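Chemist: The structure file entry.cif (mmCIF, C-alpha atoms) is provided below.
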```cif
data_structure
#
loop_
_atom_site.group_PDB
_atom_site.id
_atom_site.type_symbol
_atom_site.label_atom_id
_atom_site.label_comp_id
_atom_site.auth_asym_id
_atom_site.auth_seq_id
_atom_site.Cartn_x
_atom_site.Cartn_y
_atom_site.Cartn_z
ATOM 1 C CA MET A 1 132.349 63.947 -116.590
ATOM 2 C CA GLY A 2 129.027 65.677 -117.073
ATOM 3 C CA LEU A 3 129.569 68.014 -114.132
ATOM 4 C CA ALA A 4 133.061 68.808 -115.437
ATOM 5 C CA ASN A 5 131.760 69.304 -118.984
ATOM 6 C CA LEU A 6 134.076 66.566 -120.278
ATOM 7 C CA SER A 7 133.265 64.493 -123.355
ATOM 8 C CA ARG A 8 134.922 61.148 -124.003
ATOM 9 C CA GLY A 9 136.829 62.687 -126.907
ATOM 10 C CA ARG A 10 138.130 65.578 -124.838
ATOM 11 C CA LEU A 11 139.143 63.313 -121.968
ATOM 12 C CA ALA A 12 140.933 60.939 -124.353
ATOM 13 C CA ALA A 13 142.778 63.800 -126.058
ATOM 14 C CA SER A 14 143.762 65.383 -122.742
ATOM 15 C CA VAL A 15 145.156 62.140 -121.333
ATOM 16 C CA GLY A 16 146.661 60.997 -124.633
ATOM 17 C CA VAL A 17 144.732 57.747 -125.109
ATOM 18 C CA ASP A 18 142.261 56.420 -127.643
ATOM 19 C CA LYS A 19 138.545 56.958 -126.975
ATOM 20 C CA SER A 20 138.144 53.182 -126.734
ATOM 21 C CA VAL A 21 140.388 53.245 -123.656
ATOM 22 C CA VAL A 22 138.117 55.866 -122.049
ATOM 23 C CA SER A 23 135.118 53.654 -122.819
ATOM 24 C CA ARG A 24 136.828 50.756 -121.060
ATOM 25 C CA TRP A 25 137.444 52.970 -118.020
ATOM 26 C CA LEU A 26 133.800 54.006 -117.952
ATOM 27 C CA ASN A 27 132.388 50.493 -118.210
ATOM 28 C CA ASP A 28 134.868 49.374 -115.541
ATOM 29 C CA SER A 29 136.510 46.718 -117.694
ATOM 30 C CA VAL A 30 139.937 48.217 -116.957
ATOM 31 C CA ARG A 31 141.302 50.779 -114.482
ATOM 32 C CA PRO A 32 143.517 53.772 -115.431
ATOM 33 C CA SER A 33 147.216 53.377 -114.717
ATOM 34 C CA GLY A 34 148.714 55.481 -111.929
ATOM 35 C CA HIS A 35 150.123 57.972 -114.418
ATOM 36 C CA ASN A 36 146.834 58.321 -116.294
ATOM 37 C CA LEU A 37 144.887 58.705 -113.060
ATOM 38 C CA THR A 38 147.183 61.584 -112.053
ATOM 39 C CA VAL A 39 146.573 63.293 -115.404
ATOM 40 C CA ILE A 40 142.797 62.809 -115.046
ATOM 41 C CA THR A 41 142.918 64.191 -111.500
ATOM 42 C CA ASN A 42 144.734 67.335 -112.633
ATOM 43 C CA LEU A 43 142.211 67.797 -115.439
ATOM 44 C CA MET A 44 139.261 67.406 -113.075
ATOM 45 C CA ARG A 45 140.860 69.833 -110.629
ATOM 46 C CA GLN A 46 140.873 72.486 -113.371
ATOM 47 C CA GLU A 47 137.165 72.011 -114.001
ATOM 48 C CA LEU A 48 136.047 71.484 -110.394
ATOM 49 C CA PRO A 49 138.476 73.486 -108.198
ATOM 50 C CA GLY A 50 138.775 72.323 -104.626
ATOM 51 C CA PHE A 51 137.050 68.987 -105.142
ATOM 52 C CA PHE A 52 139.735 66.738 -106.600
ATOM 53 C CA SER A 53 142.860 65.048 -105.359
ATOM 54 C CA LEU A 54 144.054 61.492 -105.819
ATOM 55 C CA LEU A 55 142.353 60.677 -102.519
ATOM 56 C CA THR A 56 138.976 61.701 -103.979
ATOM 57 C CA TRP A 57 138.956 58.488 -106.008
ATOM 58 C CA GLU A 58 139.182 56.473 -102.783
ATOM 59 C CA LEU A 59 135.796 57.721 -101.541
ATOM 60 C CA ASP A 60 132.822 55.376 -101.687
ATOM 61 C CA TYR A 61 130.158 55.998 -104.319
ATOM 62 C CA ALA A 62 127.868 58.208 -102.226
ATOM 63 C CA GLU A 63 130.708 60.290 -100.735
ATOM 64 C CA PHE A 64 132.228 60.746 -104.169
ATOM 65 C CA ALA A 65 128.932 62.100 -105.514
ATOM 66 C CA ARG A 66 128.559 64.495 -102.575
ATOM 67 C CA ALA A 67 132.143 65.738 -103.021
ATOM 68 C CA LEU A 68 131.249 66.710 -106.564
ATOM 69 C CA GLY A 69 128.149 68.540 -105.360
ATOM 70 C CA ALA A 70 125.669 66.092 -106.868
ATOM 71 C CA PRO A 71 123.109 65.463 -104.094
ATOM 72 C CA ASP A 72 120.559 63.778 -106.363
ATOM 73 C CA LEU A 73 123.202 61.382 -107.573
ATOM 74 C CA ALA A 74 124.257 60.783 -103.980
ATOM 75 C CA LEU A 75 120.709 59.831 -102.978
ATOM 76 C CA GLN A 76 120.364 57.510 -105.949
ATOM 77 C CA SER A 77 123.740 55.938 -105.269
ATOM 78 C CA ASP A 78 122.611 54.825 -101.815
ATOM 79 C CA ARG A 79 120.105 52.548 -103.532
ATOM 80 C CA THR A 80 122.100 51.480 -106.590
ATOM 81 C CA ALA A 81 125.758 51.382 -105.562
ATOM 82 C CA PRO A 82 127.380 48.032 -106.368
ATOM 83 C CA ALA A 83 128.055 45.754 -103.441
ATOM 84 C CA ALA A 84 131.725 45.347 -104.293
ATOM 85 C CA ALA A 85 134.306 47.251 -106.303
ATOM 86 C CA GLY A 86 135.767 45.821 -109.486
ATOM 87 C CA PRO A 87 134.695 45.035 -113.050
ATOM 88 C CA PRO A 88 131.101 43.923 -113.555
ATOM 89 C CA ALA A 89 130.794 40.158 -113.718
ATOM 90 C CA LEU A 90 128.472 37.616 -115.199
ATOM 91 C CA GLN A 91 126.132 36.142 -112.635
ATOM 92 C CA LEU A 92 128.179 32.959 -112.477
ATOM 93 C CA ASP A 93 129.792 31.609 -109.332
ATOM 94 C CA THR A 94 132.662 30.344 -111.477
ATOM 95 C CA VAL A 95 133.722 33.959 -112.133
ATOM 96 C CA ALA A 96 134.674 34.322 -108.469
ATOM 97 C CA VAL A 97 136.443 30.944 -108.555
ATOM 98 C CA SER A 98 138.461 32.051 -111.593
ATOM 99 C CA ARG A 99 139.392 35.384 -110.058
ATOM 100 C CA THR A 100 140.745 33.552 -107.048
ATOM 101 C CA ALA A 101 142.840 31.310 -109.300
ATOM 102 C CA VAL A 102 144.172 33.986 -111.682
ATOM 103 C CA PRO A 103 146.628 35.658 -109.230
ATOM 104 C CA ARG A 104 148.090 32.206 -108.416
ATOM 105 C CA GLU A 105 147.946 30.391 -111.750
ATOM 106 C CA GLY A 106 147.173 32.951 -114.426
ATOM 107 C CA LEU A 107 150.588 34.581 -114.820
ATOM 108 C CA VAL A 108 151.614 32.010 -117.450
ATOM 109 C CA PHE A 109 149.002 33.184 -119.965
ATOM 110 C CA PRO A 110 149.352 36.956 -120.661
ATOM 111 C CA GLY A 111 150.624 37.614 -124.159
ATOM 112 C CA LEU A 112 149.735 38.363 -127.759
ATOM 113 C CA TYR A 113 148.919 35.223 -129.748
ATOM 114 C CA VAL A 114 148.199 34.513 -133.399
ATOM 115 C CA GLY A 115 146.037 31.493 -134.168
ATOM 116 C CA PHE A 116 144.607 29.494 -137.039
ATOM 117 C CA ARG A 117 141.152 27.978 -137.517
ATOM 118 C CA LYS A 118 138.782 26.939 -140.289
ATOM 119 C CA ALA A 119 136.364 29.604 -141.560
ATOM 120 C CA TYR A 120 132.801 29.440 -140.266
ATOM 121 C CA ALA A 121 131.704 29.797 -143.891
ATOM 122 C CA ASN A 122 132.423 26.040 -144.206
ATOM 123 C CA ASN A 123 134.535 26.599 -147.337
ATOM 124 C CA GLY A 124 137.761 25.080 -145.993
ATOM 125 C CA MET A 125 139.567 28.414 -145.788
ATOM 126 C CA VAL A 126 142.015 28.854 -142.900
ATOM 127 C CA VAL A 127 141.463 32.078 -140.937
ATOM 128 C CA VAL A 128 144.217 33.884 -139.026
ATOM 129 C CA GLN A 129 142.953 35.061 -135.639
ATOM 130 C CA GLY A 130 144.534 37.147 -132.884
ATOM 131 C CA LEU A 131 144.167 36.769 -129.121
ATOM 132 C CA MET A 132 145.461 39.083 -126.396
ATOM 133 C CA LEU A 133 145.386 37.979 -122.764
ATOM 134 C CA ARG A 134 146.196 40.457 -119.976
ATOM 135 C CA ILE A 135 146.091 40.368 -116.199
ATOM 136 C CA GLU A 136 143.835 43.200 -114.995
ATOM 137 C CA GLY A 137 143.562 43.021 -111.228
ATOM 138 C CA ASP A 138 142.240 39.546 -110.447
ATOM 139 C CA ARG A 139 140.808 38.896 -113.903
ATOM 140 C CA LEU A 140 142.340 37.553 -117.100
ATOM 141 C CA ALA A 141 141.070 40.004 -119.722
ATOM 142 C CA ALA A 142 140.737 38.724 -123.278
ATOM 143 C CA ARG A 143 140.582 40.352 -126.699
ATOM 144 C CA CYS A 144 140.021 38.445 -129.925
ATOM 145 C CA SER A 145 139.851 39.475 -133.601
ATOM 146 C CA ASP A 146 140.155 38.181 -137.146
ATOM 147 C CA GLY A 147 140.645 41.722 -138.466
ATOM 148 C CA LEU A 148 136.993 42.083 -139.421
ATOM 149 C CA PHE A 149 135.171 41.360 -136.156
ATOM 150 C CA THR A 150 136.642 42.295 -132.793
ATOM 151 C CA TYR A 151 135.685 40.832 -129.414
ATOM 152 C CA ARG A 152 136.442 41.633 -125.778
ATOM 153 C CA GLY A 153 135.734 39.835 -122.532
ATOM 154 C CA GLU A 154 137.323 37.530 -119.996
ATOM 155 C CA ALA A 155 139.099 34.187 -119.828
ATOM 156 C CA LEU A 156 137.962 32.116 -116.854
ATOM 157 C CA LEU A 157 140.652 29.878 -115.370
ATOM 158 C CA LEU A 158 138.942 26.704 -114.158
ATOM 159 C CA ARG A 159 140.577 23.301 -113.544
ATOM 160 C CA GLY A 160 143.659 24.611 -115.348
ATOM 161 C CA GLN A 161 141.704 25.227 -118.564
ATOM 162 C CA LEU A 162 140.783 28.569 -120.106
ATOM 163 C CA PHE A 163 137.085 29.205 -120.784
ATOM 164 C CA VAL A 164 137.081 32.362 -122.901
ATOM 165 C CA LEU A 165 133.866 34.427 -123.165
ATOM 166 C CA VAL A 166 134.071 37.498 -125.395
ATOM 167 C CA GLU A 167 131.466 39.797 -126.964
ATOM 168 C CA GLU A 168 131.556 41.556 -130.337
ATOM 169 C CA THR A 169 132.462 45.147 -129.450
ATOM 170 C CA THR A 170 130.806 47.129 -132.260
ATOM 171 C CA ARG A 171 127.417 45.557 -132.906
ATOM 172 C CA LEU A 172 127.069 43.896 -129.478
ATOM 173 C CA ASP A 173 125.112 41.088 -131.113
ATOM 174 C CA GLU A 174 127.376 38.053 -130.760
ATOM 175 C CA ILE A 175 129.190 36.047 -128.102
ATOM 176 C CA LEU A 176 132.277 34.038 -129.005
ATOM 177 C CA THR A 177 133.347 31.179 -126.742
ATOM 178 C CA MET A 178 136.549 29.172 -126.557
ATOM 179 C CA VAL A 179 137.834 26.333 -124.395
ATOM 180 C CA LEU A 180 141.641 26.207 -124.503
ATOM 181 C CA SER A 181 143.865 23.623 -122.862
ATOM 182 C CA GLY A 182 145.872 25.210 -120.049
ATOM 183 C CA VAL A 183 149.530 24.977 -119.056
ATOM 184 C CA THR A 184 151.468 25.484 -115.835
ATOM 185 C CA ALA A 185 154.944 27.026 -116.152
ATOM 186 C CA PRO A 186 156.973 28.899 -117.205
ATOM 187 C CA MET A 187 154.869 30.674 -119.889
ATOM 188 C CA ALA A 188 152.246 29.490 -122.376
ATOM 189 C CA ASP A 189 153.721 29.207 -125.854
ATOM 190 C CA VAL A 190 151.018 27.328 -127.814
ATOM 191 C CA LEU A 191 147.354 27.017 -126.799
ATOM 192 C CA ASP A 192 144.819 24.925 -128.662
ATOM 193 C CA GLY A 193 141.185 24.030 -128.164
ATOM 194 C CA LEU A 194 137.718 24.641 -129.539
ATOM 195 C CA ILE A 195 136.050 27.878 -130.641
ATOM 196 C CA MET A 196 132.344 28.463 -131.271
ATOM 197 C CA GLY A 197 130.510 31.387 -132.856
ATOM 198 C CA VAL A 198 128.170 32.093 -135.756
ATOM 199 C CA SER A 199 128.885 32.336 -139.453
ATOM 200 C CA GLY A 200 128.222 35.461 -141.467
ATOM 201 C CA ASP A 201 125.453 33.919 -143.560
ATOM 202 C CA ARG A 202 121.811 35.060 -143.556
ATOM 203 C CA THR A 203 120.779 32.655 -140.798
ATOM 204 C CA CYS A 204 123.902 33.172 -138.617
ATOM 205 C CA THR A 205 124.609 29.443 -138.574
ATOM 206 C CA PRO A 206 125.995 28.248 -135.212
ATOM 207 C CA SER A 207 129.489 26.934 -135.959
ATOM 208 C CA ALA A 208 132.370 25.355 -134.049
ATOM 209 C CA THR A 209 135.884 24.332 -135.008
ATOM 210 C CA THR A 210 139.337 23.691 -133.602
ATOM 211 C CA ILE A 211 141.923 26.452 -133.165
ATOM 212 C CA VAL A 212 145.645 26.673 -132.380
ATOM 213 C CA TYR A 213 147.241 29.863 -130.985
ATOM 214 C CA GLN A 214 150.980 30.549 -130.862
ATOM 215 C CA ARG A 215 152.574 33.278 -128.723
ATOM 216 C CA GLN A 216 153.957 36.178 -130.733
ATOM 217 C CA ALA A 217 154.850 38.740 -128.066
ATOM 218 C CA ASP A 218 154.544 39.584 -124.389
ATOM 219 C CA VAL A 219 152.180 42.279 -123.117
ATOM 220 C CA SER A 220 153.542 45.232 -121.164
ATOM 221 C CA GLY A 221 150.620 45.884 -118.824
ATOM 222 C CA ASP A 222 150.594 49.510 -119.991
ATOM 223 C CA ASP A 223 147.168 50.401 -121.427
ATOM 224 C CA ILE A 224 148.434 52.660 -124.204
ATOM 225 C CA GLN A 225 151.279 50.409 -125.319
ATOM 226 C CA ASP A 226 149.184 47.243 -125.303
ATOM 227 C CA ASP A 227 146.280 48.958 -127.064
ATOM 228 C CA ALA A 228 148.644 50.175 -129.810
ATOM 229 C CA ALA A 229 150.043 46.664 -130.261
ATOM 230 C CA TRP A 230 146.518 45.247 -130.456
ATOM 231 C CA GLN A 231 145.365 47.790 -133.039
ATOM 232 C CA ALA A 232 148.436 47.022 -135.168
ATOM 233 C CA CYS A 233 147.630 43.303 -134.859
ATOM 234 C CA ILE A 234 144.037 43.870 -136.025
ATOM 235 C CA GLN A 235 145.233 45.749 -139.109
ATOM 236 C CA GLU A 236 147.672 42.965 -139.997
ATOM 237 C CA LEU A 237 145.000 40.293 -139.486
ATOM 238 C CA ALA A 238 142.651 42.174 -141.823
ATOM 239 C CA ARG A 239 145.353 42.255 -144.492
ATOM 240 C CA LEU A 240 146.308 38.586 -144.143
ATOM 241 C CA ASN A 241 142.736 37.313 -144.184
ATOM 242 C CA GLY A 242 141.854 39.644 -147.037
ATOM 243 C CA GLU A 243 144.665 38.022 -149.003
ATOM 244 C CA ARG A 244 143.557 34.539 -147.813
ATOM 245 C CA ARG A 245 147.034 33.664 -146.557
ATOM 246 C CA GLY A 246 145.988 31.621 -143.540
ATOM 247 C CA ARG A 247 146.882 28.213 -144.953
ATOM 248 C CA GLU A 248 150.207 29.517 -146.260
ATOM 249 C CA LEU A 249 151.223 31.012 -142.906
ATOM 250 C CA MET A 250 149.982 28.191 -140.677
ATOM 251 C CA PRO A 251 152.780 25.873 -139.446
ATOM 252 C CA PRO A 252 152.247 22.623 -141.398
ATOM 253 C CA GLU A 253 152.125 20.498 -138.232
ATOM 254 C CA PHE A 254 149.092 22.478 -137.001
ATOM 255 C CA ALA A 255 147.039 20.841 -139.759
ATOM 256 C CA ARG A 256 146.825 17.785 -137.494
ATOM 257 C CA VAL A 257 144.467 19.794 -135.293
ATOM 258 C CA ILE A 258 143.003 22.340 -137.714
ATOM 259 C CA ASP A 259 141.897 19.858 -140.407
ATOM 260 C CA ASN A 260 139.116 18.123 -138.497
ATOM 261 C CA LEU A 261 138.270 14.520 -139.289
ATOM 262 C CA VAL A 262 134.967 14.079 -137.470
ATOM 263 C CA GLY A 263 133.384 10.817 -138.579
ATOM 264 C CA VAL A 264 136.496 9.750 -140.524
ATOM 265 C CA PRO A 265 138.939 7.135 -139.132
ATOM 266 C CA ARG A 266 142.415 8.489 -138.410
ATOM 267 C CA ASP A 267 145.687 6.617 -138.485
ATOM 268 C CA GLY A 268 145.746 4.062 -135.725
ATOM 269 C CA GLN A 269 141.959 3.730 -135.840
ATOM 270 C CA ASP A 270 141.444 6.887 -133.752
ATOM 271 C CA PHE A 271 137.857 7.958 -134.421
ATOM 272 C CA ASP A 272 136.141 11.225 -133.466
ATOM 273 C CA HIS A 273 132.378 11.486 -133.166
ATOM 274 C CA VAL A 274 132.631 15.118 -131.970
ATOM 275 C CA LEU A 275 135.088 17.980 -132.324
ATOM 276 C CA ARG A 276 137.837 17.451 -129.761
ATOM 277 C CA ILE A 277 141.564 17.731 -129.172
ATOM 278 C CA PRO A 278 142.770 14.880 -126.928
ATOM 279 C CA PHE A 279 146.148 15.212 -125.241
ATOM 280 C CA SER A 280 147.701 12.853 -127.778
ATOM 281 C CA ARG A 281 147.041 15.408 -130.555
ATOM 282 C CA SER A 282 147.334 18.655 -128.576
ATOM 283 C CA PHE A 283 150.024 21.217 -129.364
ATOM 284 C CA THR A 284 149.503 23.105 -126.101
ATOM 285 C CA ARG A 285 152.901 23.739 -124.535
ATOM 286 C CA THR A 286 154.916 26.190 -122.483
ATOM 287 C CA THR A 287 157.975 28.147 -123.578
ATOM 288 C CA SER A 288 160.075 25.239 -122.297
ATOM 289 C CA THR A 289 158.634 23.297 -125.306
ATOM 290 C CA GLN A 290 157.554 20.418 -123.053
ATOM 291 C CA LEU A 291 154.053 19.236 -123.814
ATOM 292 C CA LEU A 292 151.811 19.496 -120.763
ATOM 293 C CA PRO A 293 148.224 18.373 -120.113
#
```
Could you quickly redo this structure as structure tokens?

Modeler:
Amino acid sequence: MGLANLSRGRLAASVGVDKSVVSRWLNDSVRPSGHNLTVITNLMRQELPGFFSLLTWELDYAEFARALGAPDLALQSDRTAPAAAGPPALQLDTVAVSRTAVPREGLVFPGLYVGFRKAYANNGMVVVQGLMLRIEGDRLAARCSDGLFTYRGEALLLRGQLFVLVEETTRLDEILTMVLSGVTAPMADVLDGLIMGVSGDRTCTPSATTIVYQRQADVSGDDIQDDAAWQACIQELARLNGERRGRELMPPEFARVIDNLVGVPRDGQDFDHVLRIPFSRSFTRTTSTQLLP
């Protein structure tokens, strides 16, 4: 982009996407669609005549740099080129395990979900929270937001459960984690589990609570269309939480999971010493409505 005198804003405007999409291309969290890659190629060809075709993108790192006439970059790339193509990963062996499982077992999860949880402020308020899951190559990409804070990362598929790790995208100063009960087939309809983050108080109090997500829509797999749907979801979440409508909108039966009773006997003498959602209380289900472990 530097050699072609292209800013992120100009590239986004030329392709017809939001600058956030360009940022995701550059940090390798998502790849351009075939159509977008063709548009980018034509744009690069205008700026660097003779260098670009769709095949140029297939070159390895060093050859790509040399094709652009960047010998210093080519020399550096020999020392720093990543060992394997694909999005950068946490240094966890389980990431590779998950990315092996996602193509086989992950197709039931992509979708746009709206969930409900208690506020980290410990005031009893019910927060409405959005979750988007998308298949991107061999990874299950995740986005999460309550309309005020927005997170992005990956859902690891391990032992049939989803371990969601997402980072706050603006301040880059917080990690949000979730463990959601998984399903098999045909498609996930309701997912519940535990979520942990920090509250917005002065000391950023570590906080955890239960959460229930319900599918609202499918995802298309098209970057622009899905990004537009996600941005619209964030705006609606901001409005709903600003009006404190979480409790009103939450299906009444979800209160069985959302209203935690740690340390308080439940009906039937069920007693929780820790936050948990055993199968007997889980709402996790597929679109067939059959409850599954």

Chemist: If the PyMOL selection byres ((chain A and resi 34) around 12) is run on the structure shown, which residues does it catch, given as a PyMOL selection string?

Modeler: chain A and resi 31-33+35-41+54+57+221-223

Chemist: Could you state which residues are captured by the PyMOL selection byres ((chain A and resi 135) around 9) in this file, as a compact mmCIF listing (two decimals) with C-alpha atoms, in the coordinates of the input?

Modeler:
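Full text of result.txt as output:
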```txt
# COMPACT_ATOMS: atom_id res chain seq x y z
CA VAL A 102 144.17 33.99 -111.68
CA PRO A 103 146.63 35.66 -109.23
CA GLY A 106 147.17 32.95 -114.43
CA LEU A 107 150.59 34.58 -114.82
CA PHE A 109 149.00 33.18 -119.96
CA PRO A 110 149.35 36.96 -120.66
CA LEU A 133 145.39 37.98 -122.76
CA ARG A 134 146.20 40.46 -119.98
CA GLU A 136 143.84 43.20 -115.00
CA GLY A 137 143.56 43.02 -111.23
CA ASP A 138 142.24 39.55 -110.45
CA ARG A 139 140.81 38.90 -113.90
CA LEU A 140 142.34 37.55 -117.10
CA ALA A 141 141.07 40.00 -119.72
CA GLY A 221 150.62 45.88 -118.82
```

Chemist: Can you list what the PyMOL selection byres ((chain A and resi 117) around 6) grabs from this structure, as a ChimeraX atom specification?

Modeler: /A:116,118,126-127,211,258

Chemist: CA of Ser20 (chain A) and CA of Ala142 (chain A), how far apart in Å?

Modeler: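 According to the coordinates, CA of Ala142 (chain A) and CA of Ser20 (chain A) are separated by 15.1 Å.
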
Chemist: What does the structure give for the distance between CA of Val164 (chain A) and CA of Ala208 (chain A), in Å to one decimal?

Modeler: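 For CA of Val164 (chain A) relative to CA of Ala208 (chain A), the distance reads 14.0 Å.
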
Chemist: Which one is closest to Ala238 (chain A): A:Val274, A:Val128, A:Leu3, A:Val15? Count all atoms listed in the file.

Modeler: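 Of the candidates, the smallest distance to Ala238 (chain A) is held by A:Val128.
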
Chemist: For region 179-239 of chain A in the structure I just supplied, write out C-alpha atoms - as a JSON list (two decimals), in the first residue's frame.

Modeler:
```json
[["chain", "number", "residue", "atom", "x", "y", "z"],
["A", 179, "VAL", "CA", -17.62, -21.04, 27.44],
["A", 180, "LEU", "CA", -20.81, -22.02, 25.60],
["A", 181, "SER", "CA", -22.38, -25.45, 25.48],
["A", 182, "GLY", "CA", -22.16, -26.87, 21.96],
["A", 183, "VAL", "CA", -24.68, -28.66, 19.74],
["A", 184, "THR", "CA", -24.44, -31.06, 16.82],
["A", 185, "ALA", "CA", -27.08, -30.70, 14.08],
["A", 186, "PRO", "CA", -28.84, -29.23, 12.22],
["A", 187, "MET", "CA", -28.10, -25.63, 13.36],
["A", 188, "ALA", "CA", -27.56, -24.01, 16.76],
["A", 189, "ASP", "CA", -30.66, -22.14, 17.87],
["A", 190, "VAL", "CA", -29.93, -21.34, 21.55],
["A", 191, "LEU", "CA", -26.48, -21.32, 23.18],
["A", 192, "ASP", "CA", -25.90, -20.77, 26.87],
["A", 193, "GLY", "CA", -22.88, -20.79, 29.15],
["A", 194, "LEU", "CA", -20.63, -18.54, 31.18],
["A", 195, "ILE", "CA", -19.07, -15.18, 30.30],
["A", 196, "MET", "CA", -16.24, -13.41, 32.11],
["A", 197, "GLY", "CA", -14.87, -9.88, 31.77],
["A", 198, "VAL", "CA", -14.32, -6.79, 33.89],
["A", 199, "SER", "CA", -16.79, -4.22, 35.13],
["A", 200, "GLY", "CA", -16.55, -0.55, 34.25],
["A", 201, "ASP", "CA", -15.76, 0.59, 37.79],
["A", 202, "ARG", "CA", -12.52, 2.27, 38.87],
["A", 203, "THR", "CA", -10.80, -1.00, 39.77],
["A", 204, "CYS", "CA", -12.08, -2.98, 36.73],
["A", 205, "THR", "CA", -13.53, -5.68, 38.97],
["A", 206, "PRO", "CA", -13.18, -9.18, 37.46],
["A", 207, "SER", "CA", -16.74, -10.42, 36.94],
["A", 208, "ALA", "CA", -18.47, -13.55, 35.63],
["A", 209, "THR", "CA", -22.08, -14.45, 34.99],
["A", 210, "THR", "CA", -24.32, -16.74, 32.97],
["A", 211, "ILE", "CA", -25.53, -15.86, 29.47],
["A", 212, "VAL", "CA", -28.11, -17.21, 27.01],
["A", 213, "TYR", "CA", -27.91, -16.46, 23.25],
["A", 214, "GLN", "CA", -30.73, -17.04, 20.77],
["A", 215, "ARG", "CA", -30.25, -17.12, 16.99],
["A", 216, "GLN", "CA", -31.74, -14.13, 15.20],
["A", 217, "ALA", "CA", -30.45, -14.52, 11.64],
["A", 218, "ASP", "CA", -28.07, -16.45, 9.42],
["A", 219, "VAL", "CA", -24.82, -14.94, 8.14],
["A", 220, "SER", "CA", -24.19, -14.68, 4.40],
["A", 221, "GLY", "CA", -20.42, -15.14, 4.33],
["A", 222, "ASP", "CA", -20.14, -11.90, 2.35],
["A", 223, "ASP", "CA", -17.89, -9.43, 4.20],
["A", 224, "ILE", "CA", -19.84, -6.30, 3.29],
["A", 225, "GLN", "CA", -23.29, -7.74, 3.94],
["A", 226, "ASP", "CA", -22.33, -9.33, 7.25],
["A", 227, "ASP", "CA", -20.48, -6.22, 8.40],
["A", 228, "ALA", "CA", -23.56, -4.08, 7.64],
["A", 229, "ALA", "CA", -25.78, -6.47, 9.61],
["A", 230, "TRP", "CA", -23.34, -6.38, 12.53],
["A", 231, "GLN", "CA", -23.15, -2.58, 12.59],
["A", 232, "ALA", "CA", -26.96, -2.39, 12.56],
["A", 233, "CYS", "CA", -27.03, -4.88, 15.45],
["A", 234, "ILE", "CA", -24.58, -2.77, 17.48],
["A", 235, "GLN", "CA", -26.72, 0.34, 17.03],
["A", 236, "GLU", "CA", -29.85, -1.52, 18.15],
["A", 237, "LEU", "CA", -28.04, -2.98, 21.18],
["A", 238, "ALA", "CA", -26.90, 0.51, 22.20],
["A", 239, "ARG", "CA", -30.49, 1.74, 22.03]]
```
